[in-house]
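With mmCIF, C-alpha atoms inside, this is protein_34.cif:
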```cif
data_structure
#
loop_
_atom_site.group_PDB
_atom_site.id
_atom_site.type_symbol
_atom_site.label_atom_id
_atom_site.label_comp_id
_atom_site.auth_asym_id
_atom_site.auth_seq_id
_atom_site.Cartn_x
_atom_site.Cartn_y
_atom_site.Cartn_z
ATOM 1 C CA GLU F 8 0.000 0.000 0.000
ATOM 2 C CA ASP F 9 1.314 3.434 -0.976
ATOM 3 C CA GLN F 10 1.971 5.791 1.945
ATOM 4 C CA VAL F 11 2.879 9.453 2.263
ATOM 5 C CA THR F 12 3.921 11.137 5.518
ATOM 6 C CA GLN F 13 4.455 14.878 5.744
ATOM 7 C CA SER F 14 6.268 16.769 8.465
ATOM 8 C CA PRO F 15 5.909 18.985 10.311
ATOM 9 C CA GLU F 16 2.118 19.087 10.561
ATOM 10 C CA ALA F 17 2.271 22.826 11.155
ATOM 11 C CA LEU F 18 4.990 25.437 10.805
ATOM 12 C CA ARG F 19 5.020 29.079 11.766
ATOM 13 C CA LEU F 20 7.770 31.279 10.276
ATOM 14 C CA GLN F 21 8.628 34.931 10.256
ATOM 15 C CA GLU F 22 8.579 36.679 6.903
ATOM 16 C CA GLY F 23 11.953 36.084 5.232
ATOM 17 C CA GLU F 24 12.781 33.032 7.377
ATOM 18 C CA SER F 25 13.613 30.159 5.019
ATOM 19 C CA SER F 26 12.701 26.550 5.837
ATOM 20 C CA SER F 27 11.921 23.132 4.362
ATOM 21 C CA LEU F 28 8.899 20.847 4.401
ATOM 22 C CA ASN F 29 9.406 17.094 4.288
ATOM 23 C CA CYS F 30 7.480 14.375 2.452
ATOM 24 C CA SER F 31 8.447 10.740 3.058
ATOM 25 C CA TYR F 32 6.886 8.130 0.819
ATOM 26 C CA THR F 33 6.659 4.436 0.080
ATOM 27 C CA VAL F 34 5.234 3.374 -3.260
ATOM 28 C CA SER F 35 5.371 0.208 -5.309
ATOM 29 C CA GLY F 36 6.554 1.943 -8.438
ATOM 30 C CA LEU F 37 6.768 5.729 -8.544
ATOM 31 C CA ARG F 38 5.180 7.327 -11.569
ATOM 32 C CA GLY F 39 5.374 10.827 -10.104
ATOM 33 C CA LEU F 40 5.531 12.850 -6.894
ATOM 34 C CA PHE F 41 3.435 15.986 -6.726
ATOM 35 C CA TRP F 42 3.330 19.111 -4.620
ATOM 36 C CA TYR F 43 0.139 21.111 -4.273
ATOM 37 C CA ARG F 44 -0.820 24.217 -2.361
ATOM 38 C CA GLN F 45 -4.280 24.501 -0.832
ATOM 39 C CA ASP F 46 -5.855 27.663 0.525
ATOM 40 C CA PRO F 47 -8.840 27.459 2.907
ATOM 41 C CA GLY F 48 -12.088 26.643 1.112
ATOM 42 C CA LYS F 49 -10.369 26.025 -2.232
ATOM 43 C CA GLY F 50 -9.187 23.064 -4.249
ATOM 44 C CA PRO F 51 -5.481 22.150 -4.338
ATOM 45 C CA GLU F 52 -3.352 24.197 -6.728
ATOM 46 C CA PHE F 53 -0.706 22.289 -8.687
ATOM 47 C CA LEU F 54 2.887 23.326 -8.018
ATOM 48 C CA PHE F 55 5.372 20.665 -9.170
ATOM 49 C CA THR F 56 5.786 17.153 -10.512
ATOM 50 C CA LEU F 57 9.010 15.208 -9.856
ATOM 51 C CA TYR F 58 9.699 11.909 -11.563
ATOM 52 C CA SER F 59 13.103 10.580 -10.531
ATOM 53 C CA ALA F 60 15.648 10.837 -7.728
ATOM 54 C CA GLY F 61 17.901 13.848 -8.090
ATOM 55 C CA GLU F 62 15.342 15.921 -9.926
ATOM 56 C CA GLU F 63 14.735 19.519 -8.793
ATOM 57 C CA LYS F 64 12.165 22.123 -9.821
ATOM 58 C CA GLU F 65 11.784 25.771 -8.879
ATOM 59 C CA LYS F 66 9.021 28.308 -8.975
ATOM 60 C CA GLU F 67 9.482 31.754 -7.444
ATOM 61 C CA ARG F 68 10.383 31.188 -3.767
ATOM 62 C CA LEU F 69 9.715 27.432 -3.898
ATOM 63 C CA LYS F 70 12.095 24.621 -4.800
ATOM 64 C CA ALA F 71 11.183 20.934 -4.764
ATOM 65 C CA THR F 72 13.701 18.095 -4.630
ATOM 66 C CA LEU F 73 13.352 14.318 -4.765
ATOM 67 C CA THR F 74 15.279 11.335 -3.429
ATOM 68 C CA LYS F 75 14.323 7.664 -3.512
ATOM 69 C CA LYS F 76 12.526 7.926 -0.166
ATOM 70 C CA GLU F 77 11.544 11.547 0.338
ATOM 71 C CA SER F 78 10.946 14.937 -1.161
ATOM 72 C CA PHE F 79 11.590 18.386 0.226
ATOM 73 C CA LEU F 80 9.845 21.644 -0.502
ATOM 74 C CA HIS F 81 12.246 24.459 0.267
ATOM 75 C CA ILE F 82 10.766 27.899 0.844
ATOM 76 C CA THR F 83 13.230 30.761 0.514
ATOM 77 C CA ALA F 84 12.501 34.154 2.081
ATOM 78 C CA PRO F 85 8.762 33.465 2.369
ATOM 79 C CA LYS F 86 6.097 36.157 2.318
ATOM 80 C CA PRO F 87 2.728 36.183 4.119
ATOM 81 C CA GLU F 88 0.990 35.213 0.857
ATOM 82 C CA ASP F 89 2.860 31.895 0.968
ATOM 83 C CA SER F 90 0.719 30.904 3.949
ATOM 84 C CA ALA F 91 -1.290 27.813 2.974
ATOM 85 C CA THR F 92 -1.425 24.058 3.435
ATOM 86 C CA TYR F 93 1.154 22.280 1.287
ATOM 87 C CA LEU F 94 0.217 18.809 0.157
ATOM 88 C CA CYS F 95 2.479 16.058 -1.150
ATOM 89 C CA ALA F 96 1.120 13.179 -3.224
ATOM 90 C CA VAL F 97 2.483 10.151 -5.067
ATOM 91 C CA GLN F 98 1.170 8.272 -8.043
ATOM 92 C CA ALA F 99 2.086 4.660 -8.762
ATOM 93 C CA TYR F 100 2.246 2.854 -12.048
ATOM 94 C CA SER F 101 -0.866 0.882 -12.874
ATOM 95 C CA GLY F 102 -1.701 -1.536 -15.634
ATOM 96 C CA GLY F 103 -4.970 0.299 -16.115
ATOM 97 C CA GLY F 104 -3.451 3.730 -16.575
ATOM 98 C CA ALA F 105 -3.014 6.425 -13.971
ATOM 99 C CA ASP F 106 -3.477 5.384 -10.373
ATOM 100 C CA GLY F 107 -5.205 7.840 -8.116
ATOM 101 C CA LEU F 108 -2.979 10.147 -6.139
ATOM 102 C CA THR F 109 -2.117 9.118 -2.576
ATOM 103 C CA PHE F 110 -1.875 12.266 -0.472
ATOM 104 C CA GLY F 111 -0.156 13.095 2.771
ATOM 105 C CA LYS F 112 -2.048 15.010 5.464
ATOM 106 C CA GLY F 113 -0.240 18.223 4.564
ATOM 107 C CA THR F 114 1.861 20.879 6.300
ATOM 108 C CA HIS F 115 -0.031 23.957 7.451
ATOM 109 C CA LEU F 116 2.363 26.859 6.896
ATOM 110 C CA ILE F 117 1.875 30.290 8.438
ATOM 111 C CA ILE F 118 4.152 33.194 7.523
ATOM 112 C CA GLN F 119 3.954 36.061 9.963
ATOM 113 C CA PRO F 120 4.741 39.624 8.782
ATOM 114 C CA LYS C 5 -8.305 28.480 -20.541
ATOM 115 C CA ALA C 6 -11.083 27.913 -18.013
ATOM 116 C CA GLY C 7 -10.300 25.695 -15.041
ATOM 117 C CA VAL C 8 -12.157 22.717 -13.644
ATOM 118 C CA THR C 9 -15.676 23.651 -12.592
ATOM 119 C CA GLN C 10 -17.842 21.846 -10.075
ATOM 120 C CA THR C 11 -21.513 22.233 -9.262
ATOM 121 C CA PRO C 12 -23.076 22.772 -6.889
ATOM 122 C CA ARG C 13 -20.528 24.394 -4.590
ATOM 123 C CA TYR C 14 -22.512 23.692 -1.432
ATOM 124 C CA LEU C 15 -25.106 21.069 -0.633
ATOM 125 C CA ILE C 16 -27.017 20.029 2.467
ATOM 126 C CA LYS C 17 -28.695 16.631 2.496
ATOM 127 C CA THR C 18 -30.387 14.389 5.020
ATOM 128 C CA ARG C 19 -29.227 10.914 6.022
ATOM 129 C CA GLY C 20 -30.595 8.273 3.661
ATOM 130 C CA GLN C 21 -30.951 10.604 0.680
ATOM 131 C CA GLN C 22 -28.829 10.410 -2.442
ATOM 132 C CA VAL C 23 -26.828 13.148 -4.136
ATOM 133 C CA THR C 24 -25.285 13.812 -7.549
ATOM 134 C CA LEU C 25 -22.290 16.092 -8.030
ATOM 135 C CA SER C 26 -21.085 17.409 -11.365
ATOM 136 C CA CYS C 27 -17.645 18.200 -12.752
ATOM 137 C CA SER C 28 -16.575 19.843 -16.017
ATOM 138 C CA PRO C 29 -12.878 19.286 -16.787
ATOM 139 C CA ILE C 30 -10.462 21.674 -18.427
ATOM 140 C CA SER C 31 -11.057 21.777 -22.175
ATOM 141 C CA GLY C 32 -9.085 18.992 -23.851
ATOM 142 C CA HIS C 33 -8.646 16.962 -20.671
ATOM 143 C CA ARG C 34 -10.131 13.497 -20.978
ATOM 144 C CA SER C 35 -9.252 12.052 -17.575
ATOM 145 C CA VAL C 36 -11.381 12.971 -14.568
ATOM 146 C CA SER C 37 -10.671 11.833 -11.008
ATOM 147 C CA TRP C 38 -12.733 12.299 -7.871
ATOM 148 C CA TYR C 39 -11.451 12.712 -4.315
ATOM 149 C CA GLN C 40 -13.001 13.055 -0.888
ATOM 150 C CA GLN C 41 -11.386 15.427 1.621
ATOM 151 C CA THR C 42 -12.157 15.286 5.343
ATOM 152 C CA PRO C 43 -10.268 16.731 8.328
ATOM 153 C CA GLY C 44 -9.592 13.263 9.723
ATOM 154 C CA GLN C 45 -8.639 11.289 6.612
ATOM 155 C CA GLY C 46 -7.334 14.036 4.368
ATOM 156 C CA LEU C 47 -7.632 13.636 0.601
ATOM 157 C CA GLN C 48 -8.654 10.159 -0.540
ATOM 158 C CA PHE C 49 -9.028 8.861 -4.088
ATOM 159 C CA LEU C 50 -12.510 7.727 -5.105
ATOM 160 C CA PHE C 51 -12.260 6.816 -8.814
ATOM 161 C CA GLU C 52 -10.938 7.887 -12.184
ATOM 162 C CA TYR C 53 -12.662 7.984 -15.559
ATOM 163 C CA PHE C 54 -11.162 8.165 -19.032
ATOM 164 C CA SER C 55 -13.146 8.037 -22.274
ATOM 165 C CA GLU C 56 -16.332 7.184 -20.395
ATOM 166 C CA THR C 57 -14.702 4.166 -18.684
ATOM 167 C CA GLN C 58 -13.764 3.777 -15.048
ATOM 168 C CA ARG C 59 -10.070 2.916 -15.030
ATOM 169 C CA ASN C 60 -9.278 2.955 -11.334
ATOM 170 C CA LYS C 61 -11.188 2.858 -8.100
ATOM 171 C CA GLY C 62 -10.233 3.661 -4.531
ATOM 172 C CA ASN C 63 -11.299 1.904 -1.369
ATOM 173 C CA PHE C 64 -14.830 3.245 -0.964
ATOM 174 C CA PRO C 65 -18.137 1.368 -0.628
ATOM 175 C CA GLY C 66 -20.402 0.745 -3.589
ATOM 176 C CA ARG C 67 -22.653 3.612 -2.488
ATOM 177 C CA PHE C 68 -20.153 5.842 -4.266
ATOM 178 C CA SER C 69 -20.409 5.668 -8.036
ATOM 179 C CA GLY C 70 -19.635 7.810 -11.018
ATOM 180 C CA ARG C 71 -19.856 8.153 -14.733
ATOM 181 C CA GLN C 72 -18.335 10.163 -17.539
ATOM 182 C CA PHE C 73 -20.027 11.508 -20.627
ATOM 183 C CA SER C 74 -18.734 11.728 -24.191
ATOM 184 C CA ASN C 75 -17.796 15.394 -23.667
ATOM 185 C CA SER C 76 -15.605 14.313 -20.682
ATOM 186 C CA ARG C 77 -17.932 15.880 -18.120
ATOM 187 C CA SER C 78 -18.345 13.639 -15.096
ATOM 188 C CA GLU C 79 -20.810 13.057 -12.320
ATOM 189 C CA MET C 80 -20.491 11.222 -9.053
ATOM 190 C CA ASN C 81 -23.378 9.841 -7.071
ATOM 191 C CA VAL C 82 -23.616 8.893 -3.430
ATOM 192 C CA SER C 83 -26.630 6.851 -2.418
ATOM 193 C CA THR C 84 -28.045 6.296 1.058
ATOM 194 C CA LEU C 85 -26.072 9.151 2.572
ATOM 195 C CA GLU C 86 -24.456 8.728 5.981
ATOM 196 C CA LEU C 87 -23.284 11.413 8.389
ATOM 197 C CA GLY C 88 -19.691 10.377 7.663
ATOM 198 C CA ASP C 89 -20.120 11.319 4.014
ATOM 199 C CA SER C 90 -19.941 14.983 4.983
ATOM 200 C CA ALA C 91 -16.839 16.208 3.188
ATOM 201 C CA LEU C 92 -15.378 18.348 0.452
ATOM 202 C CA TYR C 93 -15.629 16.431 -2.822
ATOM 203 C CA LEU C 94 -12.967 17.411 -5.313
ATOM 204 C CA CYS C 95 -12.760 16.716 -8.996
ATOM 205 C CA ALA C 96 -9.471 16.820 -10.909
ATOM 206 C CA SER C 97 -8.721 16.601 -14.611
ATOM 207 C CA SER C 98 -5.602 15.751 -16.567
ATOM 208 C CA GLN C 99 -4.463 15.433 -20.149
ATOM 209 C CA GLU C 100 -3.884 12.052 -21.725
ATOM 210 C CA ALA C 101 -0.334 10.840 -21.051
ATOM 211 C CA ARG C 102 0.286 13.685 -18.583
ATOM 212 C CA THR C 103 0.486 13.029 -14.869
ATOM 213 C CA GLU C 104 -0.380 16.332 -13.220
ATOM 214 C CA GLN C 105 -3.974 16.721 -12.141
ATOM 215 C CA TYR C 106 -5.741 20.065 -11.866
ATOM 216 C CA PHE C 107 -8.375 20.407 -9.202
ATOM 217 C CA GLY C 108 -11.677 22.214 -9.137
ATOM 218 C CA PRO C 109 -12.940 24.244 -6.172
ATOM 219 C CA GLY C 110 -14.896 21.310 -4.763
ATOM 220 C CA THR C 111 -18.439 20.681 -3.579
ATOM 221 C CA ARG C 112 -18.981 20.985 0.162
ATOM 222 C CA LEU C 113 -21.505 18.300 1.154
ATOM 223 C CA THR C 114 -23.092 18.379 4.589
ATOM 224 C CA VAL C 115 -25.220 15.430 5.686
ATOM 225 C CA THR C 116 -27.562 16.053 8.624
#
```

Written form, structure tokens:
Amino acid sequence: EDQVTQSPEALRLQEGESSSLNCSYTVSGLRGLFWYRQDPGKGPEFLFTLYSAGEEKEKERLKATLTKKESFLHITAPKPEDSATYLCAVQAYSGGGADGLTFGKGTHLIIQP
Amino acid sequence: KAGVTQTPRYLIKTRGQQVTLSCSPISGHRSVSWYQQTPGQGLQFLFEYFSETQRNKGNFPGRFSGRQFSNSRSEMNVSTLELGDSALYLCASSQEARTEQYFGPGTRLTVT
């Protein structure tokens, strides 16, 4: 069974204070690892897809990295508008096409001005 | 390009009733997946449809069903509602051969 564990559950940072969110996973055969951002009352917003160990992707103040067992979302000099819940998900290979995403419980990030 | 749309956005139903939720994917996207989000369990996969066929199904009882139409629009149905079915139901679409899924705003279902 595929599993995703995110840590910490919640994180409070000062504006400009860089940090990293962790996503540990076990999956039978990784098709992709995904990072999403979710604001209260909204659907998840796609951020990144990572496919293989060593891969990195960046978008503004966010950088995602992947190893064979975990992924990190690095947030550099965050701003209050980066406050949200960050979700990690994995997708396994399936003979029938795309498996559903298996999500972690998320990290609730608060950036204080 | 318009995003994934879901209707209705909010719904209140009584135990034992049934409900149908609708999802219109991004134009050109043929795969539609449904998820249930609750505070306790987080986001859980319900099922995925592609070209009007269910390709994958999560671990939910048979009360949860879905279908997809020829224009890729999808509906999910929950019969004999239980209090525990109260949740945010999210629909996501993706392009063929692409892995990233794009989510709609969700339908907030409350069962009383």

Define the interface residues of chain F facing chain C as those within 7 Å, counting only C-alpha atoms, and report them as a ChimeraX atom specification.
/F:49-53,56,103-104,106-110,112

Those same residues - C-alpha atoms - I'd like them written as a CSV table (one decimal), keeping the file's coordinate frame.
```
chain,number,residue,atom,x,y,z
F,49,LYS,CA,-10.4,26.0,-2.2
F,50,GLY,CA,-9.2,23.1,-4.2
F,51,PRO,CA,-5.5,22.2,-4.3
F,52,GLU,CA,-3.4,24.2,-6.7
F,53,PHE,CA,-0.7,22.3,-8.7
F,56,THR,CA,5.8,17.2,-10.5
F,103,GLY,CA,-5.0,0.3,-16.1
F,104,GLY,CA,-3.5,3.7,-16.6
F,106,ASP,CA,-3.5,5.4,-10.4
F,107,GLY,CA,-5.2,7.8,-8.1
F,108,LEU,CA,-3.0,10.1,-6.1
F,109,THR,CA,-2.1,9.1,-2.6
F,110,PHE,CA,-1.9,12.3,-0.5
F,112,LYS,CA,-2.0,15.0,5.5
```

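Note that the spacing between CA of Thr12 (chain F) and CA of Tyr93 (chain F) amounts to 12.2 Å.
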
So which residues touch Thr72 (chain F) within 8 Å, counting all atoms listed in the file, skipping near sequence neighbours fewer than 6 positions away, as number ranges by chain?
F: 57, 61-64, 78-80

Pick out the closest residue to Thr114 (chain C) from this set: C:Gln99, C:Glu79, C:Lys17, C:Ser69. Count only C-alpha atoms.
C:Lys17

What do you get, as a list in words, if you spell out every residue that the PyMOL selection byres ((chain F and resi 115) around 12) selects here?
Gln13, Ser14, Pro15, Glu16, Ala17, Leu18, Arg19, Leu20, Leu28, Arg44, Gln45, Asp46, Pro47, Asp89, Ser90, Ala91, Thr92, Tyr93, Leu94, Cys95, Gly111, Lys112, Gly113, Thr114, Leu116, Ile117 and Ile118 of chain F

For the point (-7.5, 31.2, -22.1) in file coordinates, what residues are within 12 Å, counting all atoms listed in the file? Give the answer as a list in words?
Lys5, Ala6, Gly7, Ile30 and Ser31 of chain C

Between CA of Gly70 (chain C) and CA of Thr18 (chain C), what distance in Å does the model show, to one decimal?
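We find that CA of Gly70 (chain C) and CA of Thr18 (chain C) lie 20.4 Å from each other.
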